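K.L.:
Structure file protein_15.txt (compact mmCIF, C-alpha atoms) right here:
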# COMPACT_ATOMS: atom_id res chain seq x y z
CA MET A 1 0.00 0.00 0.00
CA THR A 2 2.67 2.49 0.98
CA ASP A 3 4.79 1.77 -2.08
CA LEU A 4 2.05 2.87 -4.46
CA PRO A 5 3.24 5.95 -6.35
CA LEU A 6 1.62 9.20 -5.36
CA LEU A 7 1.47 10.52 -8.88
CA GLN A 8 1.67 8.72 -12.18
CA ALA A 9 1.69 10.33 -15.61
CA ASP A 10 1.17 8.22 -18.71
CA GLN A 11 1.86 9.60 -22.16
CA LEU A 12 1.00 13.19 -21.32
CA SER A 13 0.91 15.45 -24.33
CA CYS A 14 -0.01 19.06 -24.50
CA GLU A 15 -0.28 21.46 -27.38
CA ARG A 16 -0.72 25.19 -27.16
CA ASP A 17 -1.42 27.44 -30.10
CA ASP A 18 -0.37 24.66 -32.52
CA ARG A 19 2.94 24.26 -30.72
CA VAL A 20 3.73 20.97 -29.02
CA LEU A 21 4.88 21.66 -25.47
CA PHE A 22 5.59 18.06 -24.58
CA GLU A 23 4.63 14.74 -26.00
CA ALA A 24 4.30 11.26 -24.52
CA LEU A 25 5.69 12.37 -21.19
CA SER A 26 5.55 9.58 -18.62
CA PHE A 27 6.86 9.52 -15.10
CA VAL A 28 6.11 7.91 -11.78
CA ALA A 29 6.63 9.94 -8.62
CA HIS A 30 6.76 8.41 -5.16
CA ALA A 31 6.48 9.84 -1.68
CA GLY A 32 9.73 11.21 -0.37
CA GLN A 33 10.96 12.41 -3.74
CA ILE A 34 11.79 15.86 -5.05
CA TRP A 35 11.19 16.51 -8.74
CA GLN A 36 12.42 19.47 -10.67
CA LEU A 37 10.72 20.64 -13.84
CA ALA A 38 13.36 22.28 -15.97
CA GLY A 39 13.26 23.79 -19.40
CA ALA A 40 13.64 27.03 -21.27
CA ASN A 41 11.18 29.87 -20.83
CA GLY A 42 7.92 28.97 -22.50
CA ALA A 43 8.76 25.27 -22.57
CA GLY A 44 5.58 24.39 -20.70
CA LYS A 45 6.69 24.10 -17.08
CA THR A 46 3.79 26.13 -15.76
CA THR A 47 1.34 24.33 -18.03
CA LEU A 48 2.50 20.96 -16.71
CA MET A 49 2.15 22.28 -13.15
CA ARG A 50 -1.37 23.46 -13.90
CA ILE A 51 -2.27 20.13 -15.47
CA ILE A 52 -1.10 18.31 -12.35
CA ALA A 53 -2.97 20.78 -10.13
CA GLY A 54 -6.14 20.13 -12.13
CA LEU A 55 -6.36 23.67 -13.47
CA HIS A 56 -5.71 22.89 -17.09
CA GLY A 57 -7.77 20.22 -18.80
CA ASP A 58 -6.63 20.59 -22.39
CA PHE A 59 -4.17 17.70 -22.63
CA SER A 60 -4.11 14.11 -23.73
CA GLY A 61 -2.77 11.17 -21.81
CA ARG A 62 -3.54 10.01 -18.32
CA LEU A 63 -2.70 11.47 -14.96
CA SER A 64 -3.48 9.33 -11.95
CA TRP A 65 -2.97 9.36 -8.22
CA PRO A 66 -2.60 5.66 -7.36
CA ALA A 67 -2.00 6.10 -3.63
CA ALA A 68 -5.00 8.38 -3.12
CA GLN A 69 -7.20 6.26 -5.37
CA ALA A 70 -6.32 3.11 -3.42
CA ARG A 71 -7.52 4.87 -0.28
CA ASN A 72 -10.58 6.20 -2.13
CA GLU A 73 -9.63 9.81 -1.45
CA ASP A 74 -9.93 12.90 -3.53
CA PRO A 75 -6.35 13.44 -4.73
CA ARG A 76 -6.79 17.21 -4.46
CA GLN A 77 -7.25 16.75 -0.72
CA GLN A 78 -3.54 16.09 -0.28
CA LEU A 79 -2.25 18.59 -2.82
CA LEU A 80 -1.19 22.17 -2.46
CA SER A 81 -0.03 24.25 -5.35
CA ILE A 82 1.66 27.63 -5.09
CA GLY A 83 1.61 29.34 -8.44
CA HIS A 84 4.10 31.74 -9.94
CA ARG A 85 1.68 34.53 -9.15
CA SER A 86 1.68 34.69 -5.38
CA GLY A 87 -2.08 34.51 -5.00
CA LEU A 88 -1.96 37.10 -2.26
CA ARG A 89 -4.21 40.14 -2.39
CA SER A 90 -2.12 43.25 -1.95
CA GLU A 91 -4.78 45.01 0.16
CA LEU A 92 -4.66 42.33 2.83
CA THR A 93 -1.97 41.64 5.37
CA PRO A 94 0.01 38.38 5.33
CA LEU A 95 -2.06 36.97 8.19
CA GLU A 96 -5.37 37.87 6.51
CA ASN A 97 -4.22 36.31 3.25
CA LEU A 98 -3.07 33.16 5.01
CA ARG A 99 -6.33 32.89 6.95
CA TRP A 100 -8.35 32.68 3.75
CA TRP A 101 -5.88 30.39 2.02
CA LEU A 102 -5.95 27.99 4.95
CA ALA A 103 -9.75 28.16 5.13
CA LEU A 104 -9.88 26.95 1.53
CA HIS A 105 -8.01 23.89 2.77
CA GLN A 106 -10.33 23.48 5.74
CA ALA A 107 -7.65 24.55 8.17
CA GLU A 108 -7.90 27.17 10.86
CA LEU A 109 -5.19 29.80 11.05
CA ASP A 110 -3.15 29.34 14.19
CA VAL A 111 -1.86 32.88 14.62
CA ALA A 112 1.07 31.92 16.84
CA LYS A 113 2.19 29.24 14.41
CA ALA A 114 1.80 31.56 11.43
CA GLU A 115 3.77 34.31 13.15
CA GLN A 116 6.47 31.79 13.93
CA ALA A 117 6.64 30.67 10.29
CA LEU A 118 6.73 34.26 9.06
CA ALA A 119 9.45 35.10 11.58
CA LEU A 120 11.47 32.14 10.35
CA LEU A 121 11.20 33.61 6.86
CA GLY A 122 12.43 36.96 8.11
CA LEU A 123 9.04 38.62 8.11
CA ALA A 124 8.70 39.29 11.84
CA GLY A 125 7.01 42.66 12.22
CA TYR A 126 5.36 42.47 8.80
CA GLU A 127 2.42 40.28 9.89
CA THR A 128 -0.05 43.14 9.84
CA VAL A 129 1.39 45.24 7.02
CA PRO A 130 -0.59 45.10 3.75
CA VAL A 131 1.16 42.91 1.18
CA ALA A 132 1.23 45.91 -1.18
CA GLN A 133 3.98 47.38 0.97
CA LEU A 134 6.17 44.27 0.85
CA SER A 135 8.89 43.67 -1.70
CA ALA A 136 8.59 40.94 -4.35
CA GLY A 137 10.84 38.62 -2.39
CA GLN A 138 8.92 39.22 0.82
CA THR A 139 5.62 38.55 -0.94
CA ARG A 140 7.00 35.25 -2.20
CA ARG A 141 8.14 34.41 1.32
CA VAL A 142 4.61 35.00 2.62
CA ALA A 143 3.20 32.57 0.06
CA LEU A 144 5.92 30.03 0.84
CA SER A 145 5.19 30.22 4.57
CA LEU A 146 2.43 27.73 3.75
CA LEU A 147 5.17 25.11 3.54
CA TRP A 148 5.23 25.34 7.33
CA LEU A 149 1.51 25.79 7.93
CA LEU A 150 -0.22 23.01 6.04
CA ASP A 151 0.18 19.30 6.20
CA LYS A 152 0.02 18.02 2.61
CA SER A 153 1.60 15.10 0.86
CA VAL A 154 2.01 16.63 -2.59
CA TRP A 155 3.50 20.09 -3.05
CA LEU A 156 3.48 21.82 -6.42
CA LEU A 157 5.63 24.92 -6.49
CA ASP A 158 5.86 26.99 -9.63
CA GLU A 159 9.11 28.98 -9.63
CA PRO A 160 9.39 29.06 -5.82
CA PHE A 161 12.83 30.66 -5.85
CA THR A 162 11.96 33.70 -7.96
CA ALA A 163 12.90 36.95 -6.23
CA LEU A 164 14.33 35.15 -3.21
CA ASP A 165 17.79 36.03 -1.93
CA ALA A 166 20.45 33.38 -1.31
CA ASP A 167 19.40 32.88 2.31
CA GLY A 168 15.79 32.49 1.26
CA VAL A 169 16.67 29.92 -1.38
CA ALA A 170 18.68 27.94 1.16
CA LEU A 171 15.83 28.12 3.67
CA ILE A 172 13.22 26.91 1.17
CA GLU A 173 15.54 24.20 -0.13
CA GLY A 174 16.03 22.96 3.41
CA ARG A 175 12.31 22.90 4.00
CA LEU A 176 11.60 21.06 0.73
CA ARG A 177 14.12 18.41 1.73
CA GLU A 178 12.56 18.17 5.18
CA LEU A 179 9.09 17.74 3.67
CA ALA A 180 10.37 15.03 1.33
CA ASP A 181 12.11 13.28 4.21
CA ASN A 182 8.80 13.29 6.05
CA GLY A 183 7.19 11.45 3.17
CA ALA A 184 5.85 14.21 0.95
CA LEU A 185 6.29 14.52 -2.78
CA VAL A 186 7.64 17.86 -3.95
CA LEU A 187 7.45 19.04 -7.56
CA TYR A 188 8.87 22.41 -8.37
CA SER A 189 9.72 24.26 -11.52
CA SER A 190 12.91 26.24 -11.56
CA HIS A 191 16.23 26.62 -13.27
CA HIS A 192 17.81 26.06 -9.93
CA ARG A 193 18.50 22.51 -8.84
CA VAL A 194 17.99 21.64 -5.20
CA ASN A 195 21.15 20.07 -3.81
CA GLY A 196 20.95 16.33 -3.64
CA GLU A 197 19.40 13.86 -5.98
CA ALA A 198 16.41 15.80 -7.26
CA ARG A 199 14.87 14.02 -10.22
CA GLN A 200 14.42 16.10 -13.28
CA ILE A 201 11.83 16.45 -16.00
CA ARG A 202 13.33 18.41 -18.82
CA LEU A 203 10.83 20.05 -21.16
CA GLY A 204 11.35 21.68 -24.51
CA ASN A 205 12.12 20.54 -28.06
CA GLY A 206 9.60 17.78 -28.46
CA PRO A 207 8.88 14.94 -26.13
CA GLY A 208 10.32 16.06 -22.82
CA GLU A 209 12.68 13.71 -21.05
CA VAL A 210 12.80 12.32 -17.57
CA LEU A 211 16.26 12.20 -16.04
CA MET B 1 -16.10 27.86 7.66
CA THR B 2 -15.18 28.62 4.07
CA PHE B 3 -18.34 30.67 3.77
CA THR B 4 -17.60 32.93 6.71
CA ALA B 5 -13.89 33.14 5.88
CA THR B 6 -14.65 34.21 2.31
CA LEU B 7 -17.35 36.65 3.40
CA GLN B 8 -14.98 38.17 5.95
CA ARG B 9 -12.23 38.48 3.36
CA GLU B 10 -14.49 40.18 0.82
CA LEU B 11 -15.79 42.69 3.36
CA LEU B 12 -12.25 43.41 4.49
CA LEU B 13 -11.08 43.91 0.91
CA ALA B 14 -13.93 46.34 0.29
CA TRP B 15 -13.09 48.18 3.49
CA ARG B 16 -9.53 48.65 2.25
CA ARG B 17 -10.71 49.77 -1.19
CA PRO B 18 -13.91 51.74 -0.57
CA ALA B 19 -14.00 53.22 -4.09
CA GLU B 20 -15.42 49.95 -5.39
CA ILE B 21 -18.53 50.33 -3.22
CA ILE B 22 -18.94 54.04 -3.72
CA ASN B 23 -18.58 54.03 -7.52
CA PRO B 24 -21.79 52.13 -8.40
CA LEU B 25 -23.76 54.05 -5.79
CA PHE B 26 -22.45 57.36 -7.08
CA PHE B 27 -23.27 56.34 -10.66
CA PHE B 28 -26.80 55.34 -9.62
CA VAL B 29 -27.50 58.62 -7.84
CA MET B 30 -25.93 60.76 -10.56
CA VAL B 31 -27.78 59.21 -13.49
CA THR B 32 -31.11 59.43 -11.69
CA ALA B 33 -30.50 62.97 -10.51
CA LEU B 34 -29.68 64.16 -14.04
CA PHE B 35 -33.05 63.09 -15.47
CA PRO B 36 -35.14 65.93 -14.01
CA LEU B 37 -32.54 68.35 -15.36
CA GLY B 38 -32.36 66.77 -18.79
CA VAL B 39 -35.99 65.86 -19.40
CA SER B 40 -38.31 68.17 -17.52
CA PRO B 41 -38.94 69.06 -13.89
CA GLN B 42 -42.74 68.52 -14.29
CA PRO B 43 -43.87 66.28 -11.41
CA GLU B 44 -46.45 64.31 -13.49
CA LEU B 45 -43.93 63.48 -16.20
CA LEU B 46 -41.22 62.55 -13.69
CA ALA B 47 -43.63 60.32 -11.77
CA THR B 48 -44.43 58.48 -15.02
CA ILE B 49 -40.83 57.82 -15.97
CA ALA B 50 -39.51 57.35 -12.42
CA PRO B 51 -39.88 53.53 -12.20
CA GLY B 52 -38.03 53.00 -15.46
CA VAL B 53 -35.33 55.55 -14.72
CA VAL B 54 -34.54 54.19 -11.27
CA TRP B 55 -34.52 50.62 -12.53
CA VAL B 56 -32.36 51.25 -15.59
CA ALA B 57 -29.87 53.22 -13.48
CA ALA B 58 -29.78 50.46 -10.85
CA LEU B 59 -29.28 47.84 -13.57
CA LEU B 60 -26.37 49.69 -15.13
CA ALA B 61 -24.82 50.34 -11.72
CA VAL B 62 -24.91 46.62 -10.97
CA LEU B 63 -23.49 45.78 -14.38
CA LEU B 64 -20.68 48.26 -13.78
CA SER B 65 -19.78 46.74 -10.44
CA VAL B 66 -20.06 43.10 -11.44
CA ASP B 67 -17.27 43.38 -14.02
CA GLY B 68 -14.64 43.56 -11.29
CA LEU B 69 -16.08 40.73 -9.22
CA PHE B 70 -13.35 38.22 -10.05
CA ARG B 71 -10.80 40.36 -11.86
CA ALA B 72 -8.50 41.22 -8.95
CA ASP B 73 -8.54 37.62 -7.72
CA HIS B 74 -7.71 36.43 -11.23
CA ASP B 75 -4.85 38.87 -11.67
CA SER B 76 -3.31 38.14 -8.27
CA GLY B 77 -3.53 34.37 -8.70
CA ALA B 78 -5.96 33.99 -5.79
CA LEU B 79 -8.49 32.49 -8.17
CA GLU B 80 -6.14 29.62 -8.93
CA GLN B 81 -5.78 28.92 -5.24
CA LEU B 82 -9.53 28.81 -4.99
CA LEU B 83 -9.87 26.51 -7.99
CA SER B 84 -7.16 24.10 -6.88
CA ALA B 85 -8.47 23.90 -3.31
CA PRO B 86 -9.96 20.55 -2.35
CA GLN B 87 -13.57 21.58 -2.10
CA ASN B 88 -16.71 22.46 -3.94
CA LEU B 89 -16.60 25.94 -5.41
CA TYR B 90 -20.28 26.55 -4.68
CA VAL B 91 -19.80 27.75 -1.11
CA PRO B 92 -17.00 30.30 -1.63
CA VAL B 93 -18.70 31.63 -4.77
CA LEU B 94 -21.99 32.01 -2.91
CA ALA B 95 -20.11 33.88 -0.18
CA LYS B 96 -18.60 36.19 -2.78
CA LEU B 97 -22.03 36.91 -4.27
CA VAL B 98 -23.55 37.60 -0.86
CA ALA B 99 -20.67 39.91 0.01
CA HIS B 100 -21.00 41.69 -3.32
CA TRP B 101 -24.71 42.24 -2.75
CA LEU B 102 -24.11 43.57 0.75
CA LEU B 103 -21.48 45.96 -0.58
CA THR B 104 -23.02 47.20 -3.83
CA GLY B 105 -26.62 45.96 -3.96
CA LEU B 106 -27.75 46.97 -0.50
CA PRO B 107 -26.63 50.61 -0.82
CA LEU B 108 -28.66 50.85 -4.06
CA VAL B 109 -31.68 49.39 -2.27
CA LEU B 110 -31.39 51.89 0.54
CA VAL B 111 -31.03 54.89 -1.76
CA ALA B 112 -33.72 53.87 -4.29
CA PRO B 113 -36.73 55.12 -2.21
CA LEU B 114 -35.01 58.46 -1.80
CA LEU B 115 -34.55 58.78 -5.55
CA GLY B 116 -38.16 57.71 -6.08
CA TYR B 117 -39.23 60.50 -3.75
CA MET B 118 -37.05 62.94 -5.66
CA LEU B 119 -38.77 61.94 -8.90
CA HIS B 120 -42.22 62.57 -7.38
CA LEU B 121 -43.18 58.94 -7.28
CA PRO B 122 -46.52 58.59 -5.37
CA SER B 123 -45.87 57.51 -1.80
CA ALA B 124 -47.82 54.28 -2.33
CA ALA B 125 -45.29 53.24 -4.95
CA ILE B 126 -42.17 54.09 -2.97
CA GLY B 127 -42.49 51.10 -0.64
CA VAL B 128 -43.01 48.85 -3.65
CA LEU B 129 -39.96 50.37 -5.37
CA PHE B 130 -37.92 49.52 -2.26
CA VAL B 131 -39.12 45.92 -2.19
CA ALA B 132 -38.74 45.50 -5.97
CA VAL B 133 -35.13 46.75 -5.96
CA LEU B 134 -34.45 44.64 -2.86
CA LEU B 135 -35.61 41.55 -4.78
CA GLY B 136 -34.12 42.58 -8.11
CA THR B 137 -30.51 43.46 -7.21
CA PRO B 138 -29.54 39.96 -6.00
CA THR B 139 -30.94 38.52 -9.25
CA MET B 140 -28.93 40.97 -11.33
CA ILE B 141 -25.74 40.34 -9.34
CA ALA B 142 -26.15 36.57 -9.64
CA ILE B 143 -26.72 36.73 -13.41
CA GLY B 144 -23.95 39.28 -13.87
CA ALA B 145 -21.54 37.06 -11.96
CA ILE B 146 -22.04 34.29 -14.51
CA GLY B 147 -21.01 36.69 -17.26
CA ALA B 148 -18.11 37.98 -15.17
CA SER B 149 -16.83 34.45 -14.57
CA LEU B 150 -16.81 33.75 -18.29
CA THR B 151 -15.04 36.98 -19.25
CA VAL B 152 -12.57 37.25 -16.37
CA SER B 153 -9.56 36.09 -18.34
CA LEU B 154 -10.20 38.43 -21.28
CA ARG B 155 -8.30 41.68 -21.52
CA SER B 156 -11.33 43.84 -22.26
CA GLY B 157 -14.17 41.71 -21.05
CA GLY B 158 -16.40 44.62 -20.09
CA ILE B 159 -18.20 45.02 -23.40
CA LEU B 160 -18.59 41.31 -23.92
CA LEU B 161 -19.97 41.04 -20.41
CA SER B 162 -22.64 43.63 -21.17
CA LEU B 163 -23.59 41.84 -24.39
CA LEU B 164 -23.82 38.52 -22.60
CA VAL B 165 -25.73 39.70 -19.60
CA LEU B 166 -28.03 42.54 -20.73
CA PRO B 167 -30.54 40.28 -22.52
CA LEU B 168 -30.82 38.21 -19.35
CA TYR B 169 -31.55 41.34 -17.33
CA VAL B 170 -34.59 42.23 -19.45
CA PRO B 171 -37.16 40.12 -17.54
CA VAL B 172 -36.03 41.56 -14.21
CA LEU B 173 -36.19 45.08 -15.62
CA VAL B 174 -39.66 44.56 -17.16
CA PHE B 175 -41.17 43.10 -14.01
CA GLY B 176 -39.27 45.36 -11.66
CA ALA B 177 -40.14 48.64 -13.36
CA GLY B 178 -43.62 47.33 -14.18
CA VAL B 179 -44.55 46.55 -10.61
CA VAL B 180 -43.65 50.06 -9.49
CA SER B 181 -45.86 51.56 -12.20
CA TYR B 182 -48.72 49.28 -11.12
CA ALA B 183 -48.32 50.47 -7.56
CA ALA B 184 -48.39 54.09 -8.73
CA LYS B 185 -51.70 53.38 -10.51
CA GLY B 186 -53.13 51.57 -7.49
CA LEU B 187 -53.14 48.14 -9.12
CA PRO B 188 -52.36 44.95 -7.17
CA VAL B 189 -48.65 44.16 -6.97
CA SER B 190 -48.22 41.04 -4.86
CA GLY B 191 -48.20 38.65 -7.84
CA VAL B 192 -45.37 40.42 -9.64
CA LEU B 193 -43.39 40.84 -6.42
CA ALA B 194 -43.74 37.10 -5.81
CA LEU B 195 -42.42 36.51 -9.31
CA LEU B 196 -39.44 38.79 -8.62
CA ALA B 197 -38.81 36.90 -5.38
CA ALA B 198 -38.92 33.60 -7.24
CA MET B 199 -36.43 34.91 -9.80
CA MET B 200 -34.13 36.01 -6.99
CA LEU B 201 -34.24 32.66 -5.20
CA ALA B 202 -33.73 30.69 -8.39
CA SER B 203 -30.87 32.82 -9.68
CA PHE B 204 -29.08 33.10 -6.35
CA THR B 205 -29.20 29.37 -5.67
CA LEU B 206 -28.35 28.24 -9.19
CA ALA B 207 -25.87 30.93 -10.23
CA PRO B 208 -22.98 29.86 -7.96
CA ALA B 209 -22.84 26.50 -9.73
CA ALA B 210 -22.80 28.23 -13.13
CA VAL B 211 -20.19 30.73 -11.92
CA ALA B 212 -18.00 27.88 -10.67
CA ALA B 213 -18.19 26.22 -14.08
CA GLY B 214 -17.49 29.55 -15.78
CA LEU B 215 -14.41 30.16 -13.67
CA ARG B 216 -13.07 26.69 -14.49
CA ILE B 217 -13.57 27.36 -18.20
CA SER B 218 -11.93 30.78 -17.97
CA THR B 219 -8.81 29.59 -16.18
CA GLY B 220 -8.62 26.28 -18.04
CA ASN B 221 -6.41 27.60 -20.80
So, in terms of structure tokens, how does the structure I just supplied come out?

P.N.:
Amino acid sequence: MTDLPLLQADQLSCERDDRVLFEALSFVAHAGQIWQLAGANGAGKTTLMRIIAGLHGDFSGRLSWPAAQARNEDPRQQLLSIGHRSGLRSELTPLENLRWWLALHQAELDVAKAEQALALLGLAGYETVPVAQLSAGQTRRVALSLLWLLDKSVWLLDEPFTALDADGVALIEGRLRELADNGALVLYSSHHRVNGEARQIRLGNGPGEVL
Amino acid sequence: MTFTATLQRELLLAWRRPAEIINPLFFFVMVTALFPLGVSPQPELLATIAPGVVWVAALLAVLLSVDGLFRADHDSGALEQLLSAPQNLYVPVLAKLVAHWLLTGLPLVLVAPLLGYMLHLPSAAIGVLFVAVLLGTPTMIAIGAIGASLTVSLRSGGILLSLLVLPLYVPVLVFGAGVVSYAAKGLPVSGVLALLAAMMLASFTLAPAAVAAGLRISTGN
């Protein structure tokens, strides 16, 4: 039961505006793994992320969640995706944004825990400042604080390292590794490779290869 | 929990950006107030056109406000969070519609009797105007939201939204303005008001499902 893959893609193909993004892409991802989606700009990284997150239905092939299906669960229950747009409303403060985001995942915001996570990300003192007044990197850090606040088994992160400084990248990398070690599956798109044996899906120029 | 969290968030957002509430209300009052100046200040004439004027202005004010219902969430990426969350979209969408009515519909409802009075509407008809707008604005917001969900990803969706939604507003406008005229003439109104109430209940309960589908289509590619 536990060795069932969390996510399985069979012959995924996607075309956009008459351009093939990837073709016959197959991979099997297990709990405890970190996958990197690499590829040039416009190669289809975000599209693949959105397909996995269930936001983009215009593809052929099969995407299945064997572990969740064996337990008869909704696969979206265990998935959290953080897009390349932060998803935070600039009028609201980090805590207000997080409260709604957590409510969508049926979780209550624990203010102390959230403040702790934000402090860890260097945002102590910014909890009640509207996101509009934060820098791009700080905004990204607010969105990424969810890595500490929700308990999910599949994490989809689209360009998580954008606008982060070196410390931030190291911090997020550490957390991704920690999540994977605790049995989560992490998929992220970036040009930056997390230290260690991250598996890679390379998109662009036809089929897309799994390394 | 999602319902209250979403409602809270929407009210908070509006509190931080009050222009979005004030704009439709201001539009409504301005358009109606210009009619006596543009047409004629004769009380009999104004009383005749008052139901139509107030209703058309309210309709356009709602249409104006509904365009932005999902736009900011779409642009910030919050809509994708909502769509990828593990739950039915019906509840958060319903909360958004309720919040939108409280913020833009309710002020119109409260001001409408005042504008009716300004246009020399007989006092018997003013109460009916209040009830008719109270029943009509939720219907218009619910229908408008379906259009807004379908046009949210388009760069200039405003015109398309009007084209999509205006024909669907016609029944509400006909019954809504009609019932006020009946009241002014002393005719019975309860039947038409019941019909408006039925339209409101049907549209407000069914629209969230259609809006959810519309949002999925809009963000799907």

K.L.:
Between CA of Arg71 in chain A and CA of Met1 in chain B, what is the distance in Å, rounded to a tenth?

P.N.:
25.8 Å

K.L.:
So which residues touch range 108-110 of chain A within 9 Å, counting all atoms listed in the file, skipping near sequence neighbours fewer than 5 positions away, as a PyMOL selection string?

P.N.:
(chain A and resi 95+98-100+102-103+115+149) or (chain B and resi 1)

K.L.:
Excluding Leu121 in chain B and residues on its chain fewer than 4 positions from it, collect all residues at most 12 Å away from it, counting all atoms listed in the file, and give them as JSON, numbers by chain.

P.N.:
{"B": [42, 43, 44, 45, 46, 47, 48, 49, 50, 51, 52, 53, 54, 112, 113, 114, 115, 116, 117, 125, 126, 127, 128, 129, 130, 180, 181, 182, 183, 184, 185]}

K.L.:
In Å, rounded to a single decimal, give me how far CA of Leu154 in chain B is from CA of Phe204 in chain B.

P.N.:
24.7 Å

K.L.:
Find the distance between CA of Glu91 in chain A and CA of Leu123 in chain A and write it in Å to one decimal.

P.N.:
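Computed distance, CA of Glu91 in chain A to CA of Leu123 in chain A, equals 17.2 Å.
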
K.L.:
Within 10 Å of Leu179 in chain A, counting all atoms listed in the file, which residues qualify if same-chain residues fewer than 3 places away don't, as a ChimeraX atom specification?

P.N.:
/A:31-34,147-148,151-155,173-176,182-186

K.L.:
For chain A, report every residue with an atom at most 9 Å from chain B (counting all atoms listed in the file), formatted as a ChimeraX atom specification.

P.N.:
/A:16,47,50,53-58,74-92,96-97,99-101,103-106,108

K.L.:
Name the residues in contact with Val174 in chain B at a cut-off of 12 Å, using only C-alpha atoms, excluding same-chain residues fewer than 2 positions from it; report them as a list in words.

P.N.:
Pro51, Gly52, Trp55, Val56, Leu59, Ala132, Gly136, Pro167, Leu168, Tyr169, Val170, Pro171, Val172, Gly176, Ala177, Gly178, Val179, Val180, Ser181, Tyr182, Val192, Leu193, Leu195 and Leu196 of chain B

K.L.:
Output as lines of an AutoDock Vina configuration file the centre and edge lengths (Å, one decimal) of the box along x, y and z of the file that holds every listed atom of range 204-211 of chain B after adding 5 Å on each side.

P.N.:
center_x = -24.7
center_y = 29.8
center_z = -9.4
size_x = 19.0
size_y = 16.6
size_z = 17.5

K.L.:
For Met140 in chain B, list every protein, DNA or RNA residue within 12 Å, evaluated using all atoms listed in the file, and leave out those in the same chain fewer than 4 positions away; present the list as JSON, numbers by chain.

P.N.:
{"B": [55, 56, 58, 59, 60, 61, 62, 63, 64, 65, 66, 97, 100, 101, 104, 105, 133, 134, 135, 136, 144, 145, 146, 147, 148, 162, 165, 166, 167, 168, 169, 170, 171, 172, 173, 176, 196, 199, 200, 201, 202, 203, 204, 207]}

K.L.:
Write the residues of the preceding selection, restricted to C-alpha atoms, as an mmCIF file, in the coordinates of the input.

P.N.:
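Output saved as selection-v9.cif:
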data_model
loop_
_atom_site.group_PDB
_atom_site.id
_atom_site.type_symbol
_atom_site.label_atom_id
_atom_site.label_comp_id
_atom_site.auth_asym_id
_atom_site.auth_seq_id
_atom_site.Cartn_x
_atom_site.Cartn_y
_atom_site.Cartn_z
ATOM 1 C CA TRP B 55 -34.520 50.620 -12.530
ATOM 2 C CA VAL B 56 -32.360 51.250 -15.590
ATOM 3 C CA ALA B 58 -29.780 50.460 -10.850
ATOM 4 C CA LEU B 59 -29.280 47.840 -13.570
ATOM 5 C CA LEU B 60 -26.370 49.690 -15.130
ATOM 6 C CA ALA B 61 -24.820 50.340 -11.720
ATOM 7 C CA VAL B 62 -24.910 46.620 -10.970
ATOM 8 C CA LEU B 63 -23.490 45.780 -14.380
ATOM 9 C CA LEU B 64 -20.680 48.260 -13.780
ATOM 10 C CA SER B 65 -19.780 46.740 -10.440
ATOM 11 C CA VAL B 66 -20.060 43.100 -11.440
ATOM 12 C CA LEU B 97 -22.030 36.910 -4.270
ATOM 13 C CA HIS B 100 -21.000 41.690 -3.320
ATOM 14 C CA TRP B 101 -24.710 42.240 -2.750
ATOM 15 C CA THR B 104 -23.020 47.200 -3.830
ATOM 16 C CA GLY B 105 -26.620 45.960 -3.960
ATOM 17 C CA VAL B 133 -35.130 46.750 -5.960
ATOM 18 C CA LEU B 134 -34.450 44.640 -2.860
ATOM 19 C CA LEU B 135 -35.610 41.550 -4.780
ATOM 20 C CA GLY B 136 -34.120 42.580 -8.110
ATOM 21 C CA GLY B 144 -23.950 39.280 -13.870
ATOM 22 C CA ALA B 145 -21.540 37.060 -11.960
ATOM 23 C CA ILE B 146 -22.040 34.290 -14.510
ATOM 24 C CA GLY B 147 -21.010 36.690 -17.260
ATOM 25 C CA ALA B 148 -18.110 37.980 -15.170
ATOM 26 C CA SER B 162 -22.640 43.630 -21.170
ATOM 27 C CA VAL B 165 -25.730 39.700 -19.600
ATOM 28 C CA LEU B 166 -28.030 42.540 -20.730
ATOM 29 C CA PRO B 167 -30.540 40.280 -22.520
ATOM 30 C CA LEU B 168 -30.820 38.210 -19.350
ATOM 31 C CA TYR B 169 -31.550 41.340 -17.330
ATOM 32 C CA VAL B 170 -34.590 42.230 -19.450
ATOM 33 C CA PRO B 171 -37.160 40.120 -17.540
ATOM 34 C CA VAL B 172 -36.030 41.560 -14.210
ATOM 35 C CA LEU B 173 -36.190 45.080 -15.620
ATOM 36 C CA GLY B 176 -39.270 45.360 -11.660
ATOM 37 C CA LEU B 196 -39.440 38.790 -8.620
ATOM 38 C CA MET B 199 -36.430 34.910 -9.800
ATOM 39 C CA MET B 200 -34.130 36.010 -6.990
ATOM 40 C CA LEU B 201 -34.240 32.660 -5.200
ATOM 41 C CA ALA B 202 -33.730 30.690 -8.390
ATOM 42 C CA SER B 203 -30.870 32.820 -9.680
ATOM 43 C CA PHE B 204 -29.080 33.100 -6.350
ATOM 44 C CA ALA B 207 -25.870 30.930 -10.230
#

K.L.:
Kindly indicate which residue among B:Ser190, B:Met118, B:Leu37, B:Val98 lies nearest to Glu10 in chain B, using all atoms listed in the file for the distances.

P.N.:
B:Val98

K.L.:
Just checking: using all atoms listed in the file, which residue out of B:Leu164, B:Ala198, B:Leu108, B:Ala142 ends up closest to Thr32 in chain B?

P.N.:
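Nearest candidate to Thr32 in chain B out of B:Leu164, B:Ala198, B:Leu108, B:Ala142: B:Leu108.
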
K.L.:
Using all atoms listed in the file, pick whichever of A:Leu21, A:Asp165, A:Lys113, A:Gly137 has the shortest atom-to-atom distance to Ala40 in chain A.

P.N.:
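Of the candidates, the smallest distance to Ala40 in chain A is held by A:Leu21.
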